[in-house]
$ cat upload_26.cif   # mmCIF, C-alpha atoms
data_data
loop_
_atom_site.group_PDB
_atom_site.id
_atom_site.type_symbol
_atom_site.label_atom_id
_atom_site.label_comp_id
_atom_site.auth_asym_id
_atom_site.auth_seq_id
_atom_site.Cartn_x
_atom_site.Cartn_y
_atom_site.Cartn_z
ATOM 1 C CA MET A 5 -95.236 39.209 81.818
ATOM 2 C CA GLU A 6 -95.367 35.837 80.132
ATOM 3 C CA SER A 7 -92.497 34.894 77.816
ATOM 4 C CA ALA A 8 -93.195 34.076 74.186
ATOM 5 C CA ARG A 9 -92.001 30.527 74.864
ATOM 6 C CA SER A 10 -94.644 29.812 77.469
ATOM 7 C CA SER A 11 -97.498 31.328 75.477
ATOM 8 C CA LYS A 12 -97.321 29.134 72.369
ATOM 9 C CA SER A 13 -95.488 26.326 70.691
ATOM 10 C CA TYR A 14 -92.535 27.399 68.590
ATOM 11 C CA ALA A 15 -90.303 26.127 65.850
ATOM 12 C CA PRO A 16 -87.082 24.403 67.004
ATOM 13 C CA GLN A 17 -84.935 27.005 65.223
ATOM 14 C CA ALA A 18 -86.432 29.664 67.502
ATOM 15 C CA GLU A 19 -84.966 28.085 70.670
ATOM 16 C CA PRO A 20 -81.491 29.704 70.368
ATOM 17 C CA ILE A 21 -83.099 33.100 69.777
ATOM 18 C CA PHE A 22 -85.304 32.782 72.848
ATOM 19 C CA SER A 23 -82.413 31.463 74.945
ATOM 20 C CA ILE A 24 -80.141 34.380 74.126
ATOM 21 C CA ALA A 25 -82.918 36.983 74.294
ATOM 22 C CA GLU A 26 -83.697 35.874 77.859
ATOM 23 C CA ARG A 27 -80.048 36.094 79.019
ATOM 24 C CA SER A 28 -77.761 39.072 79.421
ATOM 25 C CA LEU A 29 -75.609 40.166 76.492
ATOM 26 C CA THR A 30 -72.413 39.300 78.327
ATOM 27 C CA GLU A 31 -73.294 35.615 78.138
ATOM 28 C CA SER A 32 -73.406 35.716 74.350
ATOM 29 C CA ALA A 33 -70.379 34.781 72.270
ATOM 30 C CA VAL A 34 -71.741 36.724 69.308
ATOM 31 C CA GLU A 35 -72.776 40.113 70.639
ATOM 32 C CA GLU A 36 -73.769 41.692 67.320
ATOM 33 C CA VAL A 37 -76.167 38.888 66.433
ATOM 34 C CA THR A 38 -77.489 38.860 69.976
ATOM 35 C CA ASN A 39 -78.108 42.614 69.828
ATOM 36 C CA SER A 40 -79.997 42.144 66.587
ATOM 37 C CA TRP A 41 -82.124 39.326 68.051
ATOM 38 C CA LEU A 42 -82.896 41.462 71.091
ATOM 39 C CA ARG A 43 -83.780 44.454 68.922
ATOM 40 C CA SER A 44 -86.032 42.271 66.777
ATOM 41 C CA ALA A 45 -87.791 40.803 69.810
ATOM 42 C CA LYS A 46 -88.007 43.863 72.039
ATOM 43 C CA GLU A 47 -88.166 46.894 69.741
ATOM 44 C CA HIS A 48 -89.903 45.397 66.734
ATOM 45 C CA ARG A 49 -91.895 42.699 68.561
ATOM 46 C CA VAL A 50 -90.977 40.121 65.914
ATOM 47 C CA ASP A 51 -91.805 36.599 67.045
ATOM 48 C CA PRO A 52 -89.067 34.221 65.789
ATOM 49 C CA ALA A 53 -91.554 31.341 65.902
ATOM 50 C CA ASP A 54 -94.132 33.117 63.750
ATOM 51 C CA ARG A 55 -94.925 31.130 60.630
ATOM 52 C CA VAL A 56 -96.782 33.867 58.755
ATOM 53 C CA ALA A 57 -95.782 34.072 55.096
ATOM 54 C CA PRO A 58 -93.445 36.949 54.234
ATOM 55 C CA GLN A 59 -94.815 40.089 52.647
ATOM 56 C CA ILE A 60 -94.476 40.287 48.861
ATOM 57 C CA LEU A 61 -94.570 43.545 46.925
ATOM 58 C CA VAL A 62 -96.880 43.835 43.923
ATOM 59 C CA ALA A 63 -95.510 44.748 40.479
ATOM 60 C CA GLY A 64 -96.104 48.496 40.845
ATOM 61 C CA GLU A 65 -94.326 48.591 44.203
ATOM 62 C CA ILE A 66 -91.358 46.663 42.802
ATOM 63 C CA LYS A 67 -91.151 49.047 39.854
ATOM 64 C CA ALA A 68 -91.227 52.097 42.144
ATOM 65 C CA ARG A 69 -88.376 50.702 44.238
ATOM 66 C CA ARG A 70 -86.297 49.601 41.222
ATOM 67 C CA GLU A 71 -86.519 52.807 39.177
ATOM 68 C CA PRO A 72 -84.204 54.940 41.353
ATOM 69 C CA LEU A 73 -81.667 52.090 41.371
ATOM 70 C CA GLU A 74 -81.739 51.075 37.690
ATOM 71 C CA LYS A 75 -78.180 52.306 37.089
ATOM 72 C CA LEU A 76 -76.901 50.288 40.066
ATOM 73 C CA ILE A 77 -78.872 47.215 38.968
ATOM 74 C CA PHE A 78 -77.429 47.519 35.456
ATOM 75 C CA THR A 79 -73.890 47.996 36.788
ATOM 76 C CA ALA A 80 -74.191 45.033 39.183
ATOM 77 C CA ARG A 81 -75.720 42.691 36.590
ATOM 78 C CA GLY A 82 -72.415 41.056 35.615
ATOM 79 C CA GLU A 83 -71.391 40.374 39.212
ATOM 80 C CA ILE A 84 -74.838 39.065 40.119
ATOM 81 C CA ASP A 85 -74.758 36.744 37.108
ATOM 82 C CA HIS A 86 -71.235 35.585 38.043
ATOM 83 C CA LEU A 87 -72.237 34.906 41.649
ATOM 84 C CA TYR A 88 -75.334 33.037 40.544
ATOM 85 C CA ALA A 89 -73.273 30.895 38.151
ATOM 86 C CA MET A 90 -71.167 29.793 41.134
ATOM 87 C CA ILE A 91 -74.112 28.832 43.365
ATOM 88 C CA ARG A 92 -76.751 27.711 40.857
ATOM 89 C CA ALA A 93 -75.921 24.004 41.159
ATOM 90 C CA ALA A 94 -76.522 24.147 44.920
ATOM 91 C CA GLY A 95 -80.081 25.362 44.349
ATOM 92 C CA TYR A 96 -79.617 28.846 45.797
ATOM 93 C CA VAL A 97 -80.974 32.173 44.639
ATOM 94 C CA VAL A 98 -79.188 35.542 44.515
ATOM 95 C CA LEU A 99 -81.173 38.516 45.774
ATOM 96 C CA LEU A 100 -80.401 42.223 45.435
ATOM 97 C CA CYS A 101 -82.259 44.330 47.988
ATOM 98 C CA ASP A 102 -82.785 48.050 48.324
ATOM 99 C CA THR A 103 -82.163 49.914 51.564
ATOM 100 C CA THR A 104 -85.598 48.916 52.875
ATOM 101 C CA GLY A 105 -84.727 45.210 52.634
ATOM 102 C CA SER A 106 -87.019 44.638 49.656
ATOM 103 C CA VAL A 107 -85.864 42.342 46.846
ATOM 104 C CA ILE A 108 -85.554 44.426 43.676
ATOM 105 C CA ASP A 109 -83.570 42.007 41.503
ATOM 106 C CA HIS A 110 -82.800 38.305 41.638
ATOM 107 C CA ARG A 111 -81.331 35.286 39.921
ATOM 108 C CA GLY A 112 -82.736 31.826 40.384
ATOM 109 C CA GLN A 113 -84.147 28.792 38.626
ATOM 110 C CA GLU A 114 -87.536 29.663 37.169
ATOM 111 C CA THR A 115 -88.547 26.040 37.782
ATOM 112 C CA GLU A 116 -88.198 26.733 41.520
ATOM 113 C CA ALA A 117 -89.737 30.225 41.426
ATOM 114 C CA ARG A 118 -92.965 29.155 43.103
ATOM 115 C CA GLU A 119 -91.140 27.725 46.141
ATOM 116 C CA PHE A 120 -88.735 30.667 46.463
ATOM 117 C CA ALA A 121 -91.624 33.127 46.096
ATOM 118 C CA TYR A 122 -93.607 31.263 48.768
ATOM 119 C CA TRP A 123 -90.762 31.873 51.228
ATOM 120 C CA GLY A 124 -90.306 35.486 50.078
ATOM 121 C CA ALA A 125 -86.873 34.751 48.628
ATOM 122 C CA TRP A 126 -87.753 36.059 45.183
ATOM 123 C CA LEU A 127 -88.450 39.358 43.462
ATOM 124 C CA GLY A 128 -90.646 41.501 45.713
ATOM 125 C CA GLY A 129 -89.844 39.783 49.009
ATOM 126 C CA VAL A 130 -89.833 42.181 51.984
ATOM 127 C CA TRP A 131 -87.084 41.491 54.538
ATOM 128 C CA PRO A 132 -86.351 44.441 56.840
ATOM 129 C CA GLU A 133 -85.444 43.523 60.398
ATOM 130 C CA SER A 134 -88.509 45.390 61.660
ATOM 131 C CA VAL A 135 -90.772 43.007 59.714
ATOM 132 C CA GLU A 136 -88.909 39.668 59.596
ATOM 133 C CA GLY A 137 -86.465 40.025 62.468
ATOM 134 C CA THR A 138 -82.771 39.275 62.217
ATOM 135 C CA ASN A 139 -82.009 37.855 58.795
ATOM 136 C CA GLY A 140 -79.296 37.819 56.174
ATOM 137 C CA ILE A 141 -81.463 39.088 53.344
ATOM 138 C CA GLY A 142 -82.623 42.430 54.683
ATOM 139 C CA THR A 143 -79.485 43.364 56.563
#
$ encode --input "upload_26.cif" --output "structure tokens"
Amino acid sequence: MESARSSKSYAPQAEPIFSIAERSLTESAVEEVTNSWLRSAKEHRVDPADRVAPQILVAGEIKARREPLEKLIFTARGEIDHLYAMIRAAGYVVLLCDTTGSVIDHRGQETEAREFAYWGAWLGGVWPESVEGTNGIGT
């Protein structure tokens, strides 16, 4: 079976993922991350070099995912606002995801909304490991 590396060109950031995925776990200094990369590659068949745009939920889907969590969203609002106040100057966004890894609430500069939305790092972004692979948003 041909490796993903030999079958297509890939982004430079994918090299560490391929390197660890092709070695045994004992060679990895960070076993949990390695396990996640392996699971993403082998179980979910997520290609770390894939440049397909992330999935984005439509308004009705976002609403359906938010409604059961409205009390949590309301309760967390102050902390989310506080966290965003600390990181706003650095140009980051704060995302609150549900258990499926979908962004159900966010804080960010509206002037940068188009760019964040393009990358899926905005309201409605879909980030479960089974779709996007190992990532810090959907974990």
$ closest_residue --input "upload_26.cif" --among "A:Leu42, A:Ile108, A:Ile77, A:Ala89" --to "Trp126 in chain A" --atoms "only C-alpha atoms"
A:Ile108
$ residues_near_point --input "upload_26.cif" --point "(-82.8, 52.9, 44.5)" --cutoff "12 Å" --atoms "all atoms listed in the file" --output "list in words"
Ile66, Lys67, Ala68, Arg69, Arg70, Glu71, Pro72, Leu73, Glu74, Lys75, Leu76, Ile77, Phe78, Leu100, Cys101, Asp102, Thr103, Thr104, Gly105, Ser106, Val107, Ile108 and Asp109 of chain A
$ atom_distance --input "upload_26.cif" --atom1 "CA of Gly137 in chain A" --atom2 "CA of His86 in chain A"
29.1 Å
$ closest_residue --input "upload_26.cif" --among "A:Glu19, A:Leu61, A:Arg111, A:Val130" --to "Glu83 in chain A" --atoms "all atoms listed in the file"
A:Arg111
$ resolve_selection --input "upload_26.cif" --expression "the PyMOL selection byres ((chain A and resi 124) around 10)" --output "PDB file with C-alpha atoms, keeping the file's coordinate frame"
ATOM      1  CA  ALA A  57     -95.782  34.072  55.096  1.00  0.00           C
ATOM      2  CA  PRO A  58     -93.445  36.949  54.234  1.00  0.00           C
ATOM      3  CA  GLN A  59     -94.815  40.089  52.647  1.00  0.00           C
ATOM      4  CA  ILE A  60     -94.476  40.287  48.861  1.00  0.00           C
ATOM      5  CA  LEU A  61     -94.570  43.545  46.925  1.00  0.00           C
ATOM      6  CA  SER A 106     -87.019  44.638  49.656  1.00  0.00           C
ATOM      7  CA  VAL A 107     -85.864  42.342  46.846  1.00  0.00           C
ATOM      8  CA  ARG A 118     -92.965  29.155  43.103  1.00  0.00           C
ATOM      9  CA  GLU A 119     -91.140  27.725  46.141  1.00  0.00           C
ATOM     10  CA  PHE A 120     -88.735  30.667  46.463  1.00  0.00           C
ATOM     11  CA  ALA A 121     -91.624  33.127  46.096  1.00  0.00           C
ATOM     12  CA  TYR A 122     -93.607  31.263  48.768  1.00  0.00           C
ATOM     13  CA  TRP A 123     -90.762  31.873  51.228  1.00  0.00           C
ATOM     14  CA  ALA A 125     -86.873  34.751  48.628  1.00  0.00           C
ATOM     15  CA  TRP A 126     -87.753  36.059  45.183  1.00  0.00           C
ATOM     16  CA  LEU A 127     -88.450  39.358  43.462  1.00  0.00           C
ATOM     17  CA  GLY A 128     -90.646  41.501  45.713  1.00  0.00           C
ATOM     18  CA  GLY A 129     -89.844  39.783  49.009  1.00  0.00           C
ATOM     19  CA  VAL A 130     -89.833  42.181  51.984  1.00  0.00           C
ATOM     20  CA  TRP A 131     -87.084  41.491  54.538  1.00  0.00           C
TER      21      TRP A 131
END
$ resolve_selection --input "upload_26.cif" --expression "the PyMOL selection byres ((chain A and resi 88) around 12)" --output "number ranges by chain"
A: 81-87, 89-100, 110-113
$ resolve_selection --input "upload_26.cif" --expression "the PyMOL selection byres ((chain A and resi 44-54) around 7)" --output "PyMOL selection string"
chain A and resi 14-15+18+40-43+55-56+133-138
